[in-house]
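Before any comments, here is the structure.
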Amino acid sequence: MHKHYYFRLAKDNIKKNPKMYIPYLITSTLTAAMLYIILSLSVNPDLANMKKGSRSLPIILNLGSIVTMVFAFIFLFYTNSFIVKRRRKEFGLLNILGMEKRHIAKMLLAETGIVIGITLTGGFLLGIVLDKLLFLSLTKMIGESATLGFHISPYGLCVTALFNAGTFFLIFLNMLRQIHLAKPVELLSGSNAGEKEPKTKILMTILGLGLIGAGYTMSIMAEKPLTVVKLLFIAVLCVILGTYLLFTAVSIAVCKLLKRNKKYYYKTNHFTAVSGLIYRMKRNAVGLASVCILSTMVLVMVSTTSALMIGLDDAVNRQMKQDAQVTALSLEQGERFGTYLTEHMEIADLHRNVNAYLNFKGEWAHPEIFTDEDFDYNATYDNYYLKPELSNQQFTVRIDSSEGGAFTLADDECYLATENPAFAPEEITLLGRTFRVQSHEVLESERAGENVRYNYYQLIFNSHETVVELLDTFNKTSSKQRQADGREEFTFDFVSSDKRQAEDDLTALVKAFPIVDKTEALPYCDTKLEMKDTMLEIYGGLFFLGIFLGTLFLMETVLIIYYKQITEGYEDQKRFEIMQNVGMSRSEVVRSIRSQILIVFFLPLVTAGLHTGFAFPILSRLLKMMELSNTMLYVLCVVGCFAAFAVLYSLIYLITARTYYKIVRK
Amino acid sequence: MAILEVTSLKKIYTTRFGGNQVQALSDVNFSVEAGEFVAIMGESGSGKTTLLNILAALDKPTAGKVLLDGKDITQIKEREISAFRRDNLGFVFQDFNLLDTFSVKDNIFLPLVLLGKSYDEMSRRLEPIAKRLGISDILEKFPYEISGGQKQRTAVARALITDPKLILADEPTGALDSRSTDGLLAIFSGLNQLGQTILMVTHSTKAASCAGRVLFIKDGTVYHQLYRGSCTNEEMYQRISESLTLLMSGGERDA
């Protein structure tokens, strides 16, 4: 009997608060559905059994499910705090009317039970239905044919159920904590207590501006590939922290500055707006900063992954100009494989490239590269010796042949690439042979600019013979050190128009390559299709995750904006009335409040746009590293995503604003 | 010269579906001379608040005229009403109606800012008013930092700063303790002596006894009125009490 009573009370409470509870339940249900889907996808056997043996996809999806859980947890807690704030008065009243706190606790427990029940039932139903749909779109994205068939993941169901039950139970405990701490009278008066005007926090203001400035500068300045990856992470952290400070401290500092300017402040249009904004910003800073950061995440994620997806073919073509590449692991194996390949497969446009890495301890002197102490270096040594303390350094010289390649070199010419911009000799002597440096390139280096001598050199010569001869000399003269062996790369096109089949044939052919003894390793082969598959799997997975998390974040953004509108509405009700009593016309009040609300809700969007804009330099460089060189494409993706997002955001605002005006006009 | 003339004022509220009609004011007639201090008394539901709302141009009567300085406020166009109220009326409310986001000074400045006055002029106007009301020291404070009496004096300053023809006060002492009430009533009497016209709606016999004239409203009409004549506040208090007793016991009207 008693149990039924609490249950009915709880049911009524939820029913009577549709403004607060319906959006909450919708979000928790959708979140549960999304969590189930991503969990189920991450262990989907069909996905794991795909032709290419998917490896990166489960990892990406797993990561995605963790991110989903973290954010779902934060958001459920956050949205619940809005509800609790609004219900404080109700709890106080029940308490005064004779309900003990433990009775309220029982009632809340029943409510939590109902919420969990609705969330899981709805979430599972929706999740199972949408699971297949998302599975199909994911397989389409990564270019696999999907197997049909229905699939319910017990793992997904269990984890989702546990996660939701756990989260809601913690939320319940948190509500209890708040009720227990408060006295009934405090609960009753709720938020009526006067609010102090926020103070300007100079230190936080400077720090906030500094952090955002630093993040932006990093994005613009980071040019070296390795710096990009390192700085990106730091820049993101700076900007996130900076954004919180921007909304909490900087916004208030700006308002206060405006307020201090009496000519500006005491104008009909500015007077109520500026003073109102100070309080609005104080109350909403954290929520707005979260909306801003989430929006930026959505924008960055969707725009970069979509650019990667669209630019995929281009990227594959840049990385691999021909259909296939087989690398023989020694020069001797290369000889045998060359014959084997041409005998067993029809191929076109074959290129053979010989290269070797020479690793040695040695000393460097202009214009000669010496190997080893037992190497016969000449008498002018002292004159050229630059850094005595660098003796016995580890050197790596890659020698490479370029027959029919990108360079036209004479027999005694070479192409030189170093990390050291100062090292630009006209001639270079290596292992007793002297070459004229026809062309010189400075490789991008993490360490450039530091006063270090660089030990990596790449030399390209015009023929196999030169490379083989240098390798021989090296192996003879530097016997005390590691011997080096060359490799031979075969790059070619398939003749057959069925590239998939040709790829399989090649794999089989390489597997069947007759080896001389058991220790010999097989040559390895890469094909363009395989590369494309791998990239498509990663990029497609990321794109899917981008859209998936984007949807989740967007949903949370909607909810935060909605609840903000409601709380603002209740806060403004009284203010609205007073302003009218004092002699502002209704339209003046509406105009004043609307301008404040517009600023408050569109500040995150504008800031997110700014963040995305400043993230552009570093991200476009990152994408270049991932072989997406088409900057224009990325620009279009960013602009397109922002435009779509802005439209969506405005729609959300307009729809939720109606709730606000309904409350205010009561 | 009458600054406010109310003739045959009638207000009928109709419930939403047109079913029940409630007559809040049936036939109200009275006038207020310039420089008068008039109190309006009546029980809950007698129509006091409806009358005040109509005088404040917050509500339209069903029939009748309200002339403020010769101008019929019931005929003013909707979009001009706010400006009219700002220019001609000052308001003092029971619950102060101060904006908690403004300092005391900014609350007082609000109507002037709406009128587009410069900061210098606003400060010039504020100085004597603040001094007279004894709030010069708390101008930079916020409403949550000051007492009820100080809040109400701030509200009075806000009403005075536009130099209105008429101050409308709705239960101004309703939320104040007795000391603050005395203070506020002294301020009202002082303002009245300087020539300010005040119309005050109140429940409190004490507040009404400071007025020059008391109107009693019952069942939507002016039922009775008392002139101070040469009475002291105490004698006035006595007479108002007697009238109220009469009013409640449902005696004959004698005005």
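Identifiers in the structure tokens: chain A, B, ... in order shown; residue index from 1 per chain; ligand index from 1 in order shown.
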
Residues of chain B within 9 Å of chain A, using only C-alpha atoms, as number ranges by chain? B: 58, 79-87, 89-91, 97-102, 106, 109-119, 142-145, 158-159

Within 12 Å of Glu171 in chain B, counting only C-alpha atoms, which residues qualify if same-chain residues fewer than 5 places away don't, as a list in words?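 Once the nearby chain positions are removed, what remains is Ala39, Ile40, Met41, Gly42, Lys48, Thr49, Leu52, Phe91, Val92, Phe93, Gln94, Asp95, Phe96, Gln152, Leu176, Thr181, Leu184, Leu185, Leu199, Met200, Val201, Thr202, His203, Ser204, Thr205, Lys206, Ala207 and Ala208 of chain B.
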
From the DSSP assignment of the backbone, select every residue of range 34-269 of chain A that is helix (DSSP H, G or I), and format the answer as a ChimeraX atom specification. /A:34-42,45-48,56-96,101-141,154-181,184-192,202-221,225-260,262-265,268-269

Residues near range 504-516 of chain A, anyone? I mean within 8 Å using only C-alpha atoms, not counting same-chain ones fewer than 2 positions away, as a PyMOL selection string. chain A and resi 337+340+344-345+500-502+518+520-525

Store the residues of this selection in a file with N, CA, C and O atoms, as a PDB file, in the first residue's frame.
```pdb
ATOM      1  N   PHE A 337      63.375 -11.719 -57.364  1.00  0.00           N
ATOM      2  CA  PHE A 337      61.949 -11.372 -57.394  1.00  0.00           C
ATOM      3  C   PHE A 337      61.582 -10.683 -58.709  1.00  0.00           C
ATOM      4  O   PHE A 337      60.509 -10.901 -59.251  1.00  0.00           O
ATOM      5  N   TYR A 340      60.942 -13.327 -61.193  1.00  0.00           N
ATOM      6  CA  TYR A 340      59.747 -14.057 -60.764  1.00  0.00           C
ATOM      7  C   TYR A 340      58.478 -13.266 -61.093  1.00  0.00           C
ATOM      8  O   TYR A 340      57.528 -13.787 -61.663  1.00  0.00           O
ATOM      9  N   HIS A 344      55.481 -14.253 -63.846  1.00  0.00           N
ATOM     10  CA  HIS A 344      54.215 -14.799 -63.356  1.00  0.00           C
ATOM     11  C   HIS A 344      53.028 -13.853 -63.420  1.00  0.00           C
ATOM     12  O   HIS A 344      51.911 -14.248 -63.165  1.00  0.00           O
ATOM     13  N   MET A 345      53.280 -12.566 -63.708  1.00  0.00           N
ATOM     14  CA  MET A 345      52.137 -11.662 -63.666  1.00  0.00           C
ATOM     15  C   MET A 345      52.264 -10.614 -64.751  1.00  0.00           C
ATOM     16  O   MET A 345      53.368 -10.160 -65.068  1.00  0.00           O
ATOM     17  N   ARG A 500      40.747  -5.498 -57.790  1.00  0.00           N
ATOM     18  CA  ARG A 500      40.562  -6.319 -56.578  1.00  0.00           C
ATOM     19  C   ARG A 500      41.171  -7.706 -56.787  1.00  0.00           C
ATOM     20  O   ARG A 500      41.902  -8.209 -55.955  1.00  0.00           O
ATOM     21  N   GLN A 501      40.837  -8.297 -57.937  1.00  0.00           N
ATOM     22  CA  GLN A 501      41.310  -9.638 -58.268  1.00  0.00           C
ATOM     23  C   GLN A 501      42.826  -9.616 -58.403  1.00  0.00           C
ATOM     24  O   GLN A 501      43.526 -10.465 -57.851  1.00  0.00           O
ATOM     25  N   ALA A 502      43.326  -8.600 -59.125  1.00  0.00           N
ATOM     26  CA  ALA A 502      44.762  -8.492 -59.351  1.00  0.00           C
ATOM     27  C   ALA A 502      45.498  -8.383 -58.026  1.00  0.00           C
ATOM     28  O   ALA A 502      46.563  -8.967 -57.839  1.00  0.00           O
ATOM     29  N   LYS A 518      65.219 -21.214 -45.030  1.00  0.00           N
ATOM     30  CA  LYS A 518      64.092 -20.914 -44.126  1.00  0.00           C
ATOM     31  C   LYS A 518      64.206 -19.574 -43.425  1.00  0.00           C
ATOM     32  O   LYS A 518      63.221 -19.020 -42.952  1.00  0.00           O
ATOM     33  N   GLU A 520      65.071 -16.839 -44.749  1.00  0.00           N
ATOM     34  CA  GLU A 520      64.770 -15.706 -45.623  1.00  0.00           C
ATOM     35  C   GLU A 520      63.320 -15.252 -45.448  1.00  0.00           C
ATOM     36  O   GLU A 520      62.400 -16.052 -45.505  1.00  0.00           O
ATOM     37  N   ALA A 521      63.173 -13.941 -45.249  1.00  0.00           N
ATOM     38  CA  ALA A 521      61.810 -13.416 -45.114  1.00  0.00           C
ATOM     39  C   ALA A 521      61.254 -13.074 -46.490  1.00  0.00           C
ATOM     40  O   ALA A 521      62.005 -12.770 -47.411  1.00  0.00           O
ATOM     41  N   LEU A 522      59.940 -13.171 -46.581  1.00  0.00           N
ATOM     42  CA  LEU A 522      59.294 -12.879 -47.863  1.00  0.00           C
ATOM     43  C   LEU A 522      59.282 -11.376 -48.127  1.00  0.00           C
ATOM     44  O   LEU A 522      59.235 -10.574 -47.197  1.00  0.00           O
ATOM     45  N   PRO A 523      59.332 -10.995 -49.393  1.00  0.00           N
ATOM     46  CA  PRO A 523      59.129  -9.576 -49.707  1.00  0.00           C
ATOM     47  C   PRO A 523      57.735  -9.162 -49.249  1.00  0.00           C
ATOM     48  O   PRO A 523      56.848 -10.012 -49.134  1.00  0.00           O
ATOM     49  N   TYR A 524      57.544  -7.909 -48.962  1.00  0.00           N
ATOM     50  CA  TYR A 524      56.188  -7.514 -48.592  1.00  0.00           C
ATOM     51  C   TYR A 524      55.593  -6.577 -49.620  1.00  0.00           C
ATOM     52  O   TYR A 524      56.315  -5.858 -50.303  1.00  0.00           O
ATOM     53  N   CYS A 525      54.285  -6.663 -49.734  1.00  0.00           N
ATOM     54  CA  CYS A 525      53.669  -5.855 -50.778  1.00  0.00           C
ATOM     55  C   CYS A 525      52.570  -4.952 -50.227  1.00  0.00           C
ATOM     56  O   CYS A 525      51.893  -5.272 -49.253  1.00  0.00           O
TER      57      CYS A 525
END
```

Just want the 12 Å neighbourhood of Gln23 in chain B, counted on only C-alpha atoms, with same-chain residues fewer than 5 positions away dropped. Output as an MDAnalysis selection string. chainID B and resid 9:15 45:47 50 61:63 218:221

Ile108 in chain B: which residues within 7 Å, counting only C-alpha atoms, same-chain residues fewer than 3 positions away excluded, as an MDAnalysis selection string? chainID B and resid 104:105 154 157:158

Include C-alpha atoms and write out the residues we just selected as a PDB file, in the first residue's frame.
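Result file is out-v2.pdb:
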```
ATOM      1  CA  VAL B 104      20.300  52.096  -5.361  1.00  0.00           C
ATOM      2  CA  LYS B 105      21.479  54.965  -7.517  1.00  0.00           C
ATOM      3  CA  THR B 154      14.744  54.434  -2.644  1.00  0.00           C
ATOM      4  CA  ALA B 157      13.193  58.718  -4.690  1.00  0.00           C
ATOM      5  CA  ARG B 158      12.652  56.863  -7.950  1.00  0.00           C
TER       6      ARG B 158
END
```

Extract, using only C-alpha atoms, all DNA, RNA and protein residues at most 9 Å from Phe616 in chain A, discarding same-chain residues fewer than 6 positions from it, and format them as a PyMOL selection string. chain A and resi 219-220+300+634-635+638

Those residues you just picked out, can you put them in a file as a PDB file, in the first residue's frame with all heavy atoms?
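What ended up in out.pdb:
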```pdb
ATOM      1  N   SER A 219      48.424  27.796 -32.793  1.00  0.00           N
ATOM      2  CA  SER A 219      47.814  27.276 -34.002  1.00  0.00           C
ATOM      3  C   SER A 219      48.416  27.932 -35.236  1.00  0.00           C
ATOM      4  O   SER A 219      48.672  27.286 -36.244  1.00  0.00           O
ATOM      5  CB  SER A 219      46.309  27.521 -33.962  1.00  0.00           C
ATOM      6  OG  SER A 219      45.756  27.369 -35.238  1.00  0.00           O
ATOM      7  N   ILE A 220      48.670  29.242 -35.140  1.00  0.00           N
ATOM      8  CA  ILE A 220      49.186  29.945 -36.320  1.00  0.00           C
ATOM      9  C   ILE A 220      50.663  29.654 -36.518  1.00  0.00           C
ATOM     10  O   ILE A 220      51.126  29.467 -37.641  1.00  0.00           O
ATOM     11  CB  ILE A 220      48.946  31.464 -36.158  1.00  0.00           C
ATOM     12  CG1 ILE A 220      47.443  31.732 -36.144  1.00  0.00           C
ATOM     13  CG2 ILE A 220      49.594  32.244 -37.286  1.00  0.00           C
ATOM     14  CD1 ILE A 220      47.080  33.118 -35.678  1.00  0.00           C
ATOM     15  N   VAL A 300      34.782  21.114 -35.330  1.00  0.00           N
ATOM     16  CA  VAL A 300      36.102  20.630 -35.719  1.00  0.00           C
ATOM     17  C   VAL A 300      36.026  19.173 -36.163  1.00  0.00           C
ATOM     18  O   VAL A 300      36.549  18.783 -37.204  1.00  0.00           O
ATOM     19  CB  VAL A 300      37.095  20.807 -34.551  1.00  0.00           C
ATOM     20  CG1 VAL A 300      38.353  20.010 -34.796  1.00  0.00           C
ATOM     21  CG2 VAL A 300      37.424  22.276 -34.368  1.00  0.00           C
ATOM     22  N   TYR A 634      39.119  21.765 -47.484  1.00  0.00           N
ATOM     23  CA  TYR A 634      38.942  21.863 -46.046  1.00  0.00           C
ATOM     24  C   TYR A 634      38.223  23.150 -45.672  1.00  0.00           C
ATOM     25  O   TYR A 634      37.337  23.151 -44.817  1.00  0.00           O
ATOM     26  CB  TYR A 634      40.303  21.752 -45.350  1.00  0.00           C
ATOM     27  CG  TYR A 634      40.203  21.778 -43.853  1.00  0.00           C
ATOM     28  CD1 TYR A 634      39.262  20.982 -43.194  1.00  0.00           C
ATOM     29  CD2 TYR A 634      41.019  22.597 -43.093  1.00  0.00           C
ATOM     30  CE1 TYR A 634      39.144  21.020 -41.826  1.00  0.00           C
ATOM     31  CE2 TYR A 634      40.909  22.634 -41.720  1.00  0.00           C
ATOM     32  CZ  TYR A 634      39.966  21.851 -41.094  1.00  0.00           C
ATOM     33  OH  TYR A 634      39.846  21.891 -39.740  1.00  0.00           O
ATOM     34  N   VAL A 635      38.603  24.244 -46.348  1.00  0.00           N
ATOM     35  CA  VAL A 635      37.918  25.522 -46.095  1.00  0.00           C
ATOM     36  C   VAL A 635      36.421  25.353 -46.323  1.00  0.00           C
ATOM     37  O   VAL A 635      35.596  25.753 -45.497  1.00  0.00           O
ATOM     38  CB  VAL A 635      38.471  26.640 -47.017  1.00  0.00           C
ATOM     39  CG1 VAL A 635      37.607  27.892 -46.900  1.00  0.00           C
ATOM     40  CG2 VAL A 635      39.900  26.965 -46.661  1.00  0.00           C
ATOM     41  N   VAL A 638      34.814  23.394 -43.530  1.00  0.00           N
ATOM     42  CA  VAL A 638      34.660  24.163 -42.297  1.00  0.00           C
ATOM     43  C   VAL A 638      33.508  25.151 -42.435  1.00  0.00           C
ATOM     44  O   VAL A 638      32.608  25.224 -41.578  1.00  0.00           O
ATOM     45  CB  VAL A 638      35.966  24.914 -41.943  1.00  0.00           C
ATOM     46  CG1 VAL A 638      35.729  25.881 -40.809  1.00  0.00           C
ATOM     47  CG2 VAL A 638      37.048  23.929 -41.578  1.00  0.00           C
TER      48      VAL A 638
END
```
